[in-house]
file my_file-v8.pdb (PDB, C-alpha atoms)
ATOM      1  CA  MET P   1     -22.235  24.272   2.904
ATOM      2  CA  THR P   2     -22.786  20.678   1.833
ATOM      3  CA  ARG P   3     -23.477  18.279   4.690
ATOM      4  CA  VAL P   4     -21.231  15.216   4.593
ATOM      5  CA  VAL P   5     -22.534  11.894   5.880
ATOM      6  CA  VAL P   6     -19.722   9.437   6.617
ATOM      7  CA  VAL P   7     -20.611   5.746   6.843
ATOM      8  CA  GLY P   8     -17.829   3.702   8.356
ATOM      9  CA  ASP P   9     -15.757   2.225  11.104
ATOM     10  CA  LEU P  10     -15.210   3.375  14.671
ATOM     11  CA  MET P  11     -12.165   1.980  16.482
ATOM     12  CA  THR P  12      -9.873   2.462  19.426
ATOM     13  CA  ASP P  13      -6.246   2.508  18.286
ATOM     14  CA  ALA P  14      -3.671   1.029  20.666
ATOM     15  CA  VAL P  15      -0.457   2.472  19.228
ATOM     16  CA  ALA P  16       2.745   0.691  20.302
ATOM     17  CA  ARG P  17       5.859   2.597  19.205
ATOM     18  CA  ALA P  18       8.960   0.392  19.534
ATOM     19  CA  ARG P  19      12.045   2.215  20.800
ATOM     20  CA  PHE P  20      14.453  -0.367  19.357
ATOM     21  CA  PRO P  21      14.367  -3.076  16.652
ATOM     22  CA  LEU P  22      11.695  -5.666  17.461
ATOM     23  CA  ALA P  23      13.113  -8.557  19.486
ATOM     24  CA  ARG P  24      11.089 -11.416  18.053
ATOM     25  CA  ALA P  25       9.727 -13.888  20.633
ATOM     26  CA  SER P  26      11.085 -11.603  23.361
ATOM     27  CA  ASP P  27      10.563  -8.146  24.880
ATOM     28  CA  THR P  28      10.997  -4.746  23.182
ATOM     29  CA  PRO P  29      10.635  -1.456  25.100
ATOM     30  CA  ALA P  30       7.849   0.666  23.601
ATOM     31  CA  ILE P  31       5.641   3.681  24.201
ATOM     32  CA  VAL P  32       1.987   2.590  24.153
ATOM     33  CA  THR P  33      -0.837   5.118  23.810
ATOM     34  CA  MET P  34      -4.597   4.837  23.210
ATOM     35  CA  HIS P  35      -6.474   6.959  20.678
ATOM     36  CA  GLY P  36      -9.781   7.223  18.867
ATOM     37  CA  GLY P  37      -9.529   5.595  15.443
ATOM     38  CA  GLY P  38     -11.352   3.960  12.560
ATOM     39  CA  SER P  39     -10.998   5.397   9.071
ATOM     40  CA  GLY P  40     -14.600   6.614   8.813
ATOM     41  CA  ALA P  41     -14.634   8.167  12.286
ATOM     42  CA  ASN P  42     -11.249   9.802  11.644
ATOM     43  CA  ILE P  43     -12.526  11.446   8.451
ATOM     44  CA  ALA P  44     -15.662  12.685  10.228
ATOM     45  CA  SER P  45     -13.571  14.123  13.085
ATOM     46  CA  TRP P  46     -11.212  16.039  10.801
ATOM     47  CA  LEU P  47     -14.129  17.346   8.732
ATOM     48  CA  ALA P  48     -15.901  18.618  11.850
ATOM     49  CA  VAL P  49     -12.944  20.434  13.395
ATOM     50  CA  GLU P  50     -12.223  22.066  10.024
ATOM     51  CA  GLY P  51     -15.730  23.517   9.968
ATOM     52  CA  SER P  52     -17.830  21.124   7.898
ATOM     53  CA  GLU P  53     -21.306  19.965   8.855
ATOM     54  CA  VAL P  54     -20.814  16.225   9.241
ATOM     55  CA  ALA P  55     -22.715  13.196  10.513
ATOM     56  CA  PHE P  56     -21.176   9.804  11.196
ATOM     57  CA  ILE P  57     -23.056   6.508  10.987
ATOM     58  CA  GLY P  58     -21.486   3.571  12.790
ATOM     59  CA  ARG P  59     -21.764   0.997  15.539
ATOM     60  CA  ARG P  60     -20.101   0.701  18.939
ATOM     61  CA  GLY P  61     -20.030  -1.696  21.835
ATOM     62  CA  ALA P  62     -21.966  -1.244  25.094
ATOM     63  CA  ASP P  63     -18.655  -0.679  26.867
ATOM     64  CA  ILE P  64     -16.751   2.210  28.408
ATOM     65  CA  THR P  65     -14.521   2.414  25.344
ATOM     66  CA  GLY P  66     -17.564   2.849  23.104
ATOM     67  CA  ARG P  67     -18.989   5.557  25.359
ATOM     68  CA  ASN P  68     -15.659   7.392  25.289
ATOM     69  CA  ARG P  69     -15.469   7.182  21.496
ATOM     70  CA  ASP P  70     -19.059   8.452  21.231
ATOM     71  CA  MET P  71     -18.359  11.438  23.497
ATOM     72  CA  GLU P  72     -15.113  12.118  21.649
ATOM     73  CA  LEU P  73     -16.939  12.414  18.320
ATOM     74  CA  MET P  74     -19.474  14.795  19.836
ATOM     75  CA  GLY P  75     -16.587  16.815  21.253
ATOM     76  CA  TYR P  76     -15.252  17.292  17.734
ATOM     77  CA  GLY P  77     -18.659  18.551  16.622
ATOM     78  CA  VAL P  78     -19.731  15.402  14.766
ATOM     79  CA  ASP P  79     -23.427  14.455  14.640
ATOM     80  CA  ALA P  80     -22.637  10.924  15.847
ATOM     81  CA  ARG P  81     -25.333   8.380  14.961
ATOM     82  CA  LEU P  82     -23.908   5.330  16.712
ATOM     83  CA  VAL P  83     -25.949   2.197  17.351
ATOM     84  CA  MET P  84     -24.973   0.364  20.533
ATOM     85  CA  ASP P  85     -24.242  -3.337  20.052
ATOM     86  CA  PRO P  86     -25.319  -5.414  23.068
ATOM     87  CA  GLU P  87     -22.904  -8.274  22.348
ATOM     88  CA  ARG P  88     -19.838  -7.110  20.428
ATOM     89  CA  PRO P  89     -17.174  -4.793  21.860
ATOM     90  CA  THR P  90     -16.124  -1.524  20.270
ATOM     91  CA  GLY P  91     -13.628  -2.206  17.486
ATOM     92  CA  THR P  92      -9.927  -2.156  18.318
ATOM     93  CA  CYS P  93      -6.809  -1.803  16.197
ATOM     94  CA  VAL P  94      -3.308  -2.543  17.487
ATOM     95  CA  VAL P  95      -0.867  -0.350  15.567
ATOM     96  CA  LEU P  96       2.719  -1.597  15.759
ATOM     97  CA  VAL P  97       5.188   1.128  14.840
ATOM     98  CA  THR P  98       8.809   0.020  14.428
ATOM     99  CA  HIS P  99      11.756   2.160  15.503
ATOM    100  CA  LYS P 100      12.014   3.206  11.826
ATOM    101  CA  GLY P 101       8.389   4.354  11.707
ATOM    102  CA  GLU P 102       6.941   1.463   9.664
ATOM    103  CA  ARG P 103       3.365   0.614  10.677
ATOM    104  CA  THR P 104       1.662  -2.778  10.906
ATOM    105  CA  MET P 105      -1.979  -2.961  11.988
ATOM    106  CA  LEU P 106      -3.878  -5.790  13.687
ATOM    107  CA  SER P 107      -7.600  -5.071  13.497
ATOM    108  CA  ASP P 108     -10.566  -6.500  15.379
ATOM    109  CA  PRO P 109     -13.684  -4.830  13.902
ATOM    110  CA  GLY P 110     -15.884  -5.757  16.871
ATOM    111  CA  ALA P 111     -19.247  -3.983  16.636
ATOM    112  CA  ASN P 112     -18.361  -2.522  13.221
ATOM    113  CA  ALA P 113     -18.918  -5.957  11.684
ATOM    114  CA  ALA P 114     -22.576  -5.916  12.718
ATOM    115  CA  LEU P 115     -23.590  -2.601  11.100
ATOM    116  CA  SER P 116     -26.908  -3.352   9.385
ATOM    117  CA  PRO P 117     -29.239  -1.561   6.951
ATOM    118  CA  GLU P 118     -31.630  -0.986   9.885
ATOM    119  CA  ASP P 119     -28.924   1.113  11.574
ATOM    120  CA  LEU P 120     -29.017   3.767   8.836
ATOM    121  CA  PRO P 121     -30.886   6.945   9.908
ATOM    122  CA  ARG P 122     -33.207   7.805   7.017
ATOM    123  CA  ASP P 123     -33.225  11.525   7.818
ATOM    124  CA  LEU P 124     -29.537  11.867   6.847
ATOM    125  CA  PHE P 125     -30.128  10.781   3.252
ATOM    126  CA  SER P 126     -31.508  13.834   1.502
ATOM    127  CA  SER P 127     -30.939  15.757  -1.707
ATOM    128  CA  GLY P 128     -28.000  18.158  -1.724
ATOM    129  CA  GLY P 129     -25.880  16.189   0.718
ATOM    130  CA  HIS P 130     -22.814  14.036   0.180
ATOM    131  CA  VAL P 131     -22.106  10.489   1.378
ATOM    132  CA  HIS P 132     -18.574   9.253   1.959
ATOM    133  CA  MET P 133     -18.311   5.482   2.289
ATOM    134  CA  SER P 134     -15.399   3.903   4.132
ATOM    135  CA  GLY P 135     -14.078   0.967   2.135
ATOM    136  CA  TYR P 136     -13.814  -1.084   5.327
ATOM    137  CA  THR P 137     -17.620  -1.149   5.592
ATOM    138  CA  LEU P 138     -17.884  -2.752   2.146
ATOM    139  CA  ILE P 139     -14.923  -5.109   2.529
ATOM    140  CA  ASN P 140     -16.171  -6.546   5.840
ATOM    141  CA  ASP P 141     -18.709  -9.326   5.196
ATOM    142  CA  GLY P 142     -20.778  -8.391   8.235
ATOM    143  CA  SER P 143     -21.276  -4.713   7.392
ATOM    144  CA  ARG P 144     -21.397  -4.974   3.584
ATOM    145  CA  ASP P 145     -25.188  -5.034   3.317
ATOM    146  CA  ALA P 146     -25.347  -1.811   5.339
ATOM    147  CA  GLY P 147     -22.752  -0.188   3.080
ATOM    148  CA  LEU P 148     -24.594  -1.217  -0.061
ATOM    149  CA  ALA P 149     -27.906  -0.027   1.400
ATOM    150  CA  ALA P 150     -26.371   3.348   2.271
ATOM    151  CA  LEU P 151     -25.022   3.771  -1.254
ATOM    152  CA  ASP P 152     -28.422   2.866  -2.686
ATOM    153  CA  MET P 153     -30.194   5.345  -0.393
ATOM    154  CA  ALA P 154     -27.710   8.061  -1.364
ATOM    155  CA  ARG P 155     -28.248   7.427  -5.077
ATOM    156  CA  ARG P 156     -32.044   7.483  -4.657
ATOM    157  CA  ALA P 157     -31.823  10.762  -2.731
ATOM    158  CA  GLY P 158     -29.663  12.359  -5.424
ATOM    159  CA  MET P 159     -26.639  12.740  -3.155
ATOM    160  CA  SER P 160     -23.079  12.781  -4.458
ATOM    161  CA  ILE P 161     -20.933   9.839  -3.351
ATOM    162  CA  SER P 162     -17.249   9.279  -2.651
ATOM    163  CA  VAL P 163     -15.589   6.026  -1.621
ATOM    164  CA  ASP P 164     -12.171   5.098  -0.260
ATOM    165  CA  CYS P 165     -10.298   1.821  -0.671
ATOM    166  CA  ALA P 166      -9.660   1.021   3.007
ATOM    167  CA  SER P 167      -6.340  -0.881   2.997
ATOM    168  CA  SER P 168      -4.455  -2.787   0.307
ATOM    169  CA  ALA P 169      -4.234  -6.216   1.990
ATOM    170  CA  PRO P 170      -7.964  -6.664   2.779
ATOM    171  CA  LEU P 171      -8.798  -5.095  -0.590
ATOM    172  CA  GLU P 172      -6.636  -7.706  -2.308
ATOM    173  CA  ARG P 173      -8.279 -10.527  -0.330
ATOM    174  CA  THR P 174     -11.693  -9.200  -1.391
ATOM    175  CA  GLY P 175     -10.753  -8.755  -5.044
ATOM    176  CA  ALA P 176     -10.888  -5.802  -7.407
ATOM    177  CA  GLU P 177     -13.931  -6.921  -9.371
ATOM    178  CA  PRO P 178     -16.371  -7.182  -6.426
ATOM    179  CA  PHE P 179     -15.187  -3.860  -4.963
ATOM    180  CA  LEU P 180     -15.652  -2.049  -8.276
ATOM    181  CA  GLU P 181     -19.095  -3.597  -8.633
ATOM    182  CA  TRP P 182     -20.193  -2.573  -5.122
ATOM    183  CA  THR P 183     -19.038   1.040  -5.596
ATOM    184  CA  ASP P 184     -20.764   1.547  -8.952
ATOM    185  CA  GLY P 185     -22.285   5.020  -9.106
ATOM    186  CA  ALA P 186     -19.729   6.761  -6.879
ATOM    187  CA  LYS P 187     -18.480  10.019  -8.370
ATOM    188  CA  LEU P 188     -15.102  10.055  -6.625
ATOM    189  CA  LEU P 189     -12.645   7.345  -5.526
ATOM    190  CA  PHE P 190      -9.808   7.837  -3.032
ATOM    191  CA  ALA P 191      -6.907   5.374  -3.152
ATOM    192  CA  ASN P 192      -3.213   5.277  -2.374
ATOM    193  CA  ALA P 193      -0.690   3.872  -4.849
ATOM    194  CA  ASP P 194      -0.793   0.349  -3.356
ATOM    195  CA  GLN P 195      -4.590   0.208  -3.399
ATOM    196  CA  ALA P 196      -4.714   1.553  -6.957
ATOM    197  CA  LYS P 197      -2.311  -1.207  -7.991
ATOM    198  CA  VAL P 198      -4.550  -3.846  -6.385
ATOM    199  CA  LEU P 199      -7.528  -2.531  -8.375
ATOM    200  CA  THR P 200      -5.737  -2.142 -11.724
ATOM    201  CA  GLY P 201      -2.463  -4.077 -11.696
ATOM    202  CA  ARG P 202      -0.637  -0.864 -12.658
ATOM    203  CA  ASP P 203       2.497   0.213 -10.774
ATOM    204  CA  ASP P 204       2.364   3.791 -12.040
ATOM    205  CA  ALA P 205      -0.167   5.825 -10.039
ATOM    206  CA  ALA P 206      -1.201   8.079 -12.921
ATOM    207  CA  ALA P 207      -1.715   5.086 -15.213
ATOM    208  CA  ALA P 208      -3.767   3.356 -12.512
ATOM    209  CA  ALA P 209      -5.883   6.486 -12.031
ATOM    210  CA  LYS P 210      -6.567   6.674 -15.757
ATOM    211  CA  VAL P 211      -7.730   3.041 -15.776
ATOM    212  CA  LEU P 212      -9.981   3.674 -12.770
ATOM    213  CA  THR P 213     -11.788   6.525 -14.530
ATOM    214  CA  ALA P 214     -13.538   3.791 -16.513
ATOM    215  CA  TRP P 215     -15.509   3.182 -13.263
ATOM    216  CA  PHE P 216     -15.339   6.522 -11.456
ATOM    217  CA  PRO P 217     -15.666   9.965 -13.096
ATOM    218  CA  GLN P 218     -12.938  11.275 -10.780
ATOM    219  CA  VAL P 219     -10.060   9.516  -9.012
ATOM    220  CA  VAL P 220      -7.644  10.803  -6.372
ATOM    221  CA  ILE P 221      -4.397   8.959  -5.631
ATOM    222  CA  LYS P 222      -2.544   9.733  -2.390
ATOM    223  CA  LEU P 223       1.228   9.543  -2.848
ATOM    224  CA  ASN P 224       2.516  10.091   0.719
ATOM    225  CA  ALA P 225       5.480  12.497   0.744
ATOM    226  CA  GLU P 226       5.131  13.046  -3.017
ATOM    227  CA  GLY P 227       1.718  14.619  -2.544
ATOM    228  CA  SER P 228      -1.327  13.561  -4.534
ATOM    229  CA  LEU P 229      -2.903  13.526  -7.976
ATOM    230  CA  TRP P 230      -6.408  13.817  -9.408
ATOM    231  CA  TYR P 231      -7.614  12.345 -12.685
ATOM    232  CA  SER P 232     -10.910  12.951 -14.422
ATOM    233  CA  ASN P 233     -12.392  10.916 -17.258
ATOM    234  CA  ASN P 234     -12.784  14.091 -19.349
ATOM    235  CA  ARG P 235      -9.188  15.330 -19.057
ATOM    236  CA  PRO P 236      -6.105  14.060 -20.914
ATOM    237  CA  ASP P 237      -3.632  14.590 -18.042
ATOM    238  CA  PRO P 238      -3.695  14.334 -14.253
ATOM    239  CA  VAL P 239      -3.527  17.308 -11.906
ATOM    240  CA  ARG P 240      -0.725  16.939  -9.363
ATOM    241  CA  SER P 241      -0.013  18.660  -6.062
ATOM    242  CA  PRO P 242       3.292  18.295  -4.187
ATOM    243  CA  GLY P 243       3.375  17.121  -0.587
ATOM    244  CA  GLU P 244       3.818  19.580   2.274
ATOM    245  CA  VAL P 245       7.204  19.759   3.957
ATOM    246  CA  VAL P 246       6.910  18.445   7.529
ATOM    247  CA  ASP P 247       9.670  19.295   9.993
ATOM    248  CA  ARG P 248       9.061  16.246  12.176
ATOM    249  CA  VAL P 249       6.886  13.236  11.451
ATOM    250  CA  VAL P 250       5.353  12.173  14.787
ATOM    251  CA  ASP P 251       2.806   9.550  13.652
ATOM    252  CA  GLY P 252       1.595   8.666  10.159
ATOM    253  CA  THR P 253      -1.583   6.961  11.424
ATOM    254  CA  GLY P 254      -4.672   8.536   9.860
ATOM    255  CA  ALA P 255      -2.842  10.782   7.393
ATOM    256  CA  GLY P 256      -4.855   9.396   4.475
ATOM    257  CA  ASP P 257      -8.091  10.018   6.385
ATOM    258  CA  ALA P 258      -7.066  13.600   7.112
ATOM    259  CA  PHE P 259      -6.248  14.062   3.417
ATOM    260  CA  THR P 260      -9.758  12.964   2.471
ATOM    261  CA  ALA P 261     -11.249  15.376   5.006
ATOM    262  CA  GLY P 262      -9.151  18.214   3.615
ATOM    263  CA  PHE P 263      -9.994  17.444   0.000
ATOM    264  CA  LEU P 264     -13.765  16.904   0.230
ATOM    265  CA  PRO P 265     -15.063  20.341   1.347
ATOM    266  CA  VAL P 266     -13.050  22.180  -1.313
ATOM    267  CA  TRP P 267     -14.131  19.693  -3.974
ATOM    268  CA  LEU P 268     -17.770  19.912  -2.889
ATOM    269  CA  ASP P 269     -17.566  23.708  -3.235
ATOM    270  CA  GLY P 270     -16.685  23.217  -6.893
ATOM    271  CA  LYS P 271     -13.157  24.629  -6.538
ATOM    272  CA  PRO P 272     -10.365  23.514  -8.927
ATOM    273  CA  ALA P 273      -8.856  20.087  -8.276
ATOM    274  CA  ALA P 274      -5.444  21.626  -7.546
ATOM    275  CA  GLU P 275      -6.954  23.569  -4.618
ATOM    276  CA  ALA P 276      -8.665  20.467  -3.232
ATOM    277  CA  LEU P 277      -5.445  18.421  -3.500
ATOM    278  CA  ALA P 278      -3.450  21.154  -1.746
ATOM    279  CA  ALA P 279      -6.022  21.312   1.063
ATOM    280  CA  GLY P 280      -5.837  17.534   1.439
ATOM    281  CA  ASN P 281      -2.047  17.561   1.531
ATOM    282  CA  ALA P 282      -2.052  20.340   4.134
ATOM    283  CA  LEU P 283      -4.398  18.488   6.492
ATOM    284  CA  ALA P 284      -2.446  15.238   6.062
ATOM    285  CA  ALA P 285       0.723  17.131   7.035
ATOM    286  CA  LYS P 286      -1.057  18.460  10.120
ATOM    287  CA  CYS P 287      -2.106  14.922  11.047
ATOM    288  CA  ILE P 288       1.366  13.369  10.838
ATOM    289  CA  SER P 289       2.683  16.128  13.094
ATOM    290  CA  ASN P 290       0.360  14.843  15.862
ATOM    291  CA  LEU P 291       0.258  11.592  17.811
ATOM    292  CA  GLY P 292      -2.735   9.491  16.773
ATOM    293  CA  ALA P 293      -5.096   9.602  13.809
ATOM    294  CA  ARG P 294      -7.441  12.316  15.107
ATOM    295  CA  PRO P 295      -7.225  16.075  15.639
ATOM    296  CA  ARG P 296      -6.290  17.275  19.107
ATOM    297  CA  LEU P 297      -9.412  18.044  21.136
TER
END
call {"tool": "encode", "arguments": {"input": "my_file-v8.pdb", "output": "structure tokens"}}
result
Amino acid sequence: MTRVVVVGDLMTDAVARARFPLARASDTPAIVTMHGGGSGANIASWLAVEGSEVAFIGRRGADITGRNRDMELMGYGVDARLVMDPERPTGTCVVLVTHKGERTMLSDPGANAALSPEDLPRDLFSSGGHVHMSGYTLINDGSRDAGLAALDMARRAGMSISVDCASSAPLERTGAEPFLEWTDGAKLLFANADQAKVLTGRDDAAAAAKVLTAWFPQVVIKLNAEGSLWYSNNRPDPVRSPGEVVDRVVDGTGAGDAFTAGFLPVWLDGKPAAEALAAGNALAAKCISNLGARPRL
């Protein structure tokens, strides 16, 4: 089994689900719940509960929230390598969910923004392993040097590398060219259709994936209810996998992270792309049937 080292963000998600249309500048009844979050930490959690050997590198505050998030990761079976920040709080994301299920996120990275190259445990970077880099780590100015250092250490150790695109709005603010430059050498890119459009200008997901294979040997595009597709730079056509039928969507937060966690172990085992896509779709479907972005403990 290939050990996966996830470098990324650790957050607490405050999910506010509006029961009625938002009453702007007034009061809207809602159901508010708190959950562990952060794209990188979510991926590590799903990987661990599904049986992978996984370590997570990140940073937390010296607060009760950070301690809870640390213990939560260990409860999932993650080898949590969290550095405690003496000044910054644990990151927080306010997730506003409208009565129609549309999500808007307000993120305060907190301690995540101070992740530094010195925080990277050298013992985790060894031949035969795999590094997954959360795009948020590269997009955030404060943690970028740590992300770039981790990618460099992975390349020097002969590890395989995958990267995700974080979120379309911050990716667009950062710019396609810098992001593609920072992620040079990654074997696999994960993106959704919006993120792929930001990087390529192409509306069609398959066309965007084909363009992206100029930078990455393999590209996976997540297509929500339509499933997912995989494109390789040595194949003429993409491989597609339909989405799983879900009886009741409870919460879409973290579905893309769960997809990545479902895809990676199958892909790392050298199985066909169709199998990896199906495994990703299945875990994403499991995620959206739960409240919050993490597996149930």
call {"tool": "atom_distance", "arguments": {"input": "my_file-v8.pdb", "atom1": "CA of Leu199 (chain P)", "atom2": "CA of Ala186 (chain P)"}}
result
15.4 Å
call {"tool": "axis_aligned_box", "arguments": {"input": "my_file-v8.pdb", "around": "region 245-253 of chain P", "padding_each_side": "6 Å", "output": "lines of an AutoDock Vina configuration file"}}
result
center_x = 4.0
center_y = 13.4
center_z = 9.4
size_x = 23.3
size_y = 24.8
size_z = 22.8
call {"tool": "closest_residue", "arguments": {"input": "my_file-v8.pdb", "among": "P:Val250, P:Ala285, P:Trp267, P:Thr65", "to": "Ala225 (chain P)", "atoms": "all atoms listed in the file"}}
result
P:Ala285
call {"tool": "resolve_selection", "arguments": {"input": "my_file-v8.pdb", "expression": "the PyMOL selection byres ((chain P and resi 11-26) around 9)", "output": "PyMOL selection string"}}
result
chain P and resi 9-10+27-39+41+60+65-66+69+90-101+107-110+112+292-293
call {"tool": "write_last_selection", "arguments": {"input": "my_file-v8.pdb", "atoms": "C-alpha atoms", "output": "PDB file, in the coordinates of the input"}}
result
ATOM      1  CA  ASP P   9     -15.757   2.225  11.104  1.00  0.00           C
ATOM      2  CA  LEU P  10     -15.210   3.375  14.671  1.00  0.00           C
ATOM      3  CA  ASP P  27      10.563  -8.146  24.880  1.00  0.00           C
ATOM      4  CA  THR P  28      10.997  -4.746  23.182  1.00  0.00           C
ATOM      5  CA  PRO P  29      10.635  -1.456  25.100  1.00  0.00           C
ATOM      6  CA  ALA P  30       7.849   0.666  23.601  1.00  0.00           C
ATOM      7  CA  ILE P  31       5.641   3.681  24.201  1.00  0.00           C
ATOM      8  CA  VAL P  32       1.987   2.590  24.153  1.00  0.00           C
ATOM      9  CA  THR P  33      -0.837   5.118  23.810  1.00  0.00           C
ATOM     10  CA  MET P  34      -4.597   4.837  23.210  1.00  0.00           C
ATOM     11  CA  HIS P  35      -6.474   6.959  20.678  1.00  0.00           C
ATOM     12  CA  GLY P  36      -9.781   7.223  18.867  1.00  0.00           C
ATOM     13  CA  GLY P  37      -9.529   5.595  15.443  1.00  0.00           C
ATOM     14  CA  GLY P  38     -11.352   3.960  12.560  1.00  0.00           C
ATOM     15  CA  SER P  39     -10.998   5.397   9.071  1.00  0.00           C
ATOM     16  CA  ALA P  41     -14.634   8.167  12.286  1.00  0.00           C
ATOM     17  CA  ARG P  60     -20.101   0.701  18.939  1.00  0.00           C
ATOM     18  CA  THR P  65     -14.521   2.414  25.344  1.00  0.00           C
ATOM     19  CA  GLY P  66     -17.564   2.849  23.104  1.00  0.00           C
ATOM     20  CA  ARG P  69     -15.469   7.182  21.496  1.00  0.00           C
ATOM     21  CA  THR P  90     -16.124  -1.524  20.270  1.00  0.00           C
ATOM     22  CA  GLY P  91     -13.628  -2.206  17.486  1.00  0.00           C
ATOM     23  CA  THR P  92      -9.927  -2.156  18.318  1.00  0.00           C
ATOM     24  CA  CYS P  93      -6.809  -1.803  16.197  1.00  0.00           C
ATOM     25  CA  VAL P  94      -3.308  -2.543  17.487  1.00  0.00           C
ATOM     26  CA  VAL P  95      -0.867  -0.350  15.567  1.00  0.00           C
ATOM     27  CA  LEU P  96       2.719  -1.597  15.759  1.00  0.00           C
ATOM     28  CA  VAL P  97       5.188   1.128  14.840  1.00  0.00           C
ATOM     29  CA  THR P  98       8.809   0.020  14.428  1.00  0.00           C
ATOM     30  CA  HIS P  99      11.756   2.160  15.503  1.00  0.00           C
ATOM     31  CA  LYS P 100      12.014   3.206  11.826  1.00  0.00           C
ATOM     32  CA  GLY P 101       8.389   4.354  11.707  1.00  0.00           C
ATOM     33  CA  SER P 107      -7.600  -5.071  13.497  1.00  0.00           C
ATOM     34  CA  ASP P 108     -10.566  -6.500  15.379  1.00  0.00           C
ATOM     35  CA  PRO P 109     -13.684  -4.830  13.902  1.00  0.00           C
ATOM     36  CA  GLY P 110     -15.884  -5.757  16.871  1.00  0.00           C
ATOM     37  CA  ASN P 112     -18.361  -2.522  13.221  1.00  0.00           C
ATOM     38  CA  GLY P 292      -2.735   9.491  16.773  1.00  0.00           C
ATOM     39  CA  ALA P 293      -5.096   9.602  13.809  1.00  0.00           C
TER      40      ALA P 293
END
call {"tool": "closest_residue", "arguments": {"input": "my_file-v8.pdb", "among": "P:Lys210, P:Arg59, P:Arg173, P:Arg248", "to": "Pro117 (chain P)", "atoms": "only C-alpha atoms"}}
result
P:Arg59
call {"tool": "resolve_selection", "arguments": {"input": "my_file-v8.pdb", "expression": "the PyMOL selection byres ((chain P and resi 236-243) around 7)", "output": "list of chain:residue names"}}
result
P:Ala206, P:Ala225, P:Glu226, P:Gly227, P:Ser228, P:Leu229, P:Trp230, P:Tyr231, P:Asn234, P:Arg235, P:Glu244, P:Val245, P:Ala274, P:Leu277, P:Ala278, P:Asn281
call {"tool": "atom_distance", "arguments": {"input": "my_file-v8.pdb", "atom1": "CA of Ala273 (chain P)", "atom2": "CA of Ser126 (chain P)"}}
result
25.5 Å
call {"tool": "residues_around", "arguments": {"input": "my_file-v8.pdb", "residues": "region 262-265 of chain P", "least_positions_apart": "2", "cutoff": "10 Å", "atoms": "all atoms listed in the file", "output": "PyMOL selection string"}}
result
chain P and resi 1-4+43+46-47+50-53+130+132+162+188+220+256-260+267-271+273-284
call {"tool": "build_atoms", "arguments": {"input": "my_file-v8.pdb", "residues": "region 221-232 of chain P", "atoms": "N, CA and C atoms", "output": "PDB file, in the coordinates of the input"}}
result
ATOM      1  N   ILE P 221      -5.415   9.884  -6.138  1.00  0.00           N
ATOM      2  CA  ILE P 221      -4.397   8.959  -5.631  1.00  0.00           C
ATOM      3  C   ILE P 221      -3.508   9.708  -4.642  1.00  0.00           C
ATOM      4  N   LYS P 222      -3.401   9.153  -3.426  1.00  0.00           N
ATOM      5  CA  LYS P 222      -2.544   9.733  -2.390  1.00  0.00           C
ATOM      6  C   LYS P 222      -1.151   9.129  -2.519  1.00  0.00           C
ATOM      7  N   LEU P 223      -0.135   9.985  -2.556  1.00  0.00           N
ATOM      8  CA  LEU P 223       1.228   9.543  -2.848  1.00  0.00           C
ATOM      9  C   LEU P 223       2.197   9.830  -1.703  1.00  0.00           C
ATOM     10  N   ASN P 224       1.678   9.863  -0.469  1.00  0.00           N
ATOM     11  CA  ASN P 224       2.516  10.091   0.719  1.00  0.00           C
ATOM     12  C   ASN P 224       3.330  11.367   0.581  1.00  0.00           C
ATOM     13  N   ALA P 225       4.637  11.295   0.763  1.00  0.00           N
ATOM     14  CA  ALA P 225       5.480  12.497   0.744  1.00  0.00           C
ATOM     15  C   ALA P 225       5.483  13.195  -0.613  1.00  0.00           C
ATOM     16  N   GLU P 226       5.158  12.451  -1.677  1.00  0.00           N
ATOM     17  CA  GLU P 226       5.131  13.046  -3.017  1.00  0.00           C
ATOM     18  C   GLU P 226       3.867  13.841  -3.291  1.00  0.00           C
ATOM     19  N   GLY P 227       2.931  13.837  -2.361  1.00  0.00           N
ATOM     20  CA  GLY P 227       1.718  14.619  -2.544  1.00  0.00           C
ATOM     21  C   GLY P 227       0.542  13.785  -3.023  1.00  0.00           C
ATOM     22  N   SER P 228      -0.111  14.230  -4.071  1.00  0.00           N
ATOM     23  CA  SER P 228      -1.327  13.561  -4.534  1.00  0.00           C
ATOM     24  C   SER P 228      -1.606  13.954  -5.980  1.00  0.00           C
ATOM     25  N   LEU P 229      -2.479  13.187  -6.618  1.00  0.00           N
ATOM     26  CA  LEU P 229      -2.903  13.526  -7.976  1.00  0.00           C
ATOM     27  C   LEU P 229      -4.386  13.242  -8.144  1.00  0.00           C
ATOM     28  N   TRP P 230      -4.982  13.952  -9.080  1.00  0.00           N
ATOM     29  CA  TRP P 230      -6.408  13.817  -9.408  1.00  0.00           C
ATOM     30  C   TRP P 230      -6.538  13.583 -10.898  1.00  0.00           C
ATOM     31  N   TYR P 231      -7.394  12.652 -11.267  1.00  0.00           N
ATOM     32  CA  TYR P 231      -7.614  12.345 -12.685  1.00  0.00           C
ATOM     33  C   TYR P 231      -9.113  12.330 -12.935  1.00  0.00           C
ATOM     34  N   SER P 232      -9.511  12.949 -14.023  1.00  0.00           N
ATOM     35  CA  SER P 232     -10.910  12.951 -14.422  1.00  0.00           C
ATOM     36  C   SER P 232     -11.057  12.257 -15.769  1.00  0.00           C
TER      37      SER P 232
END
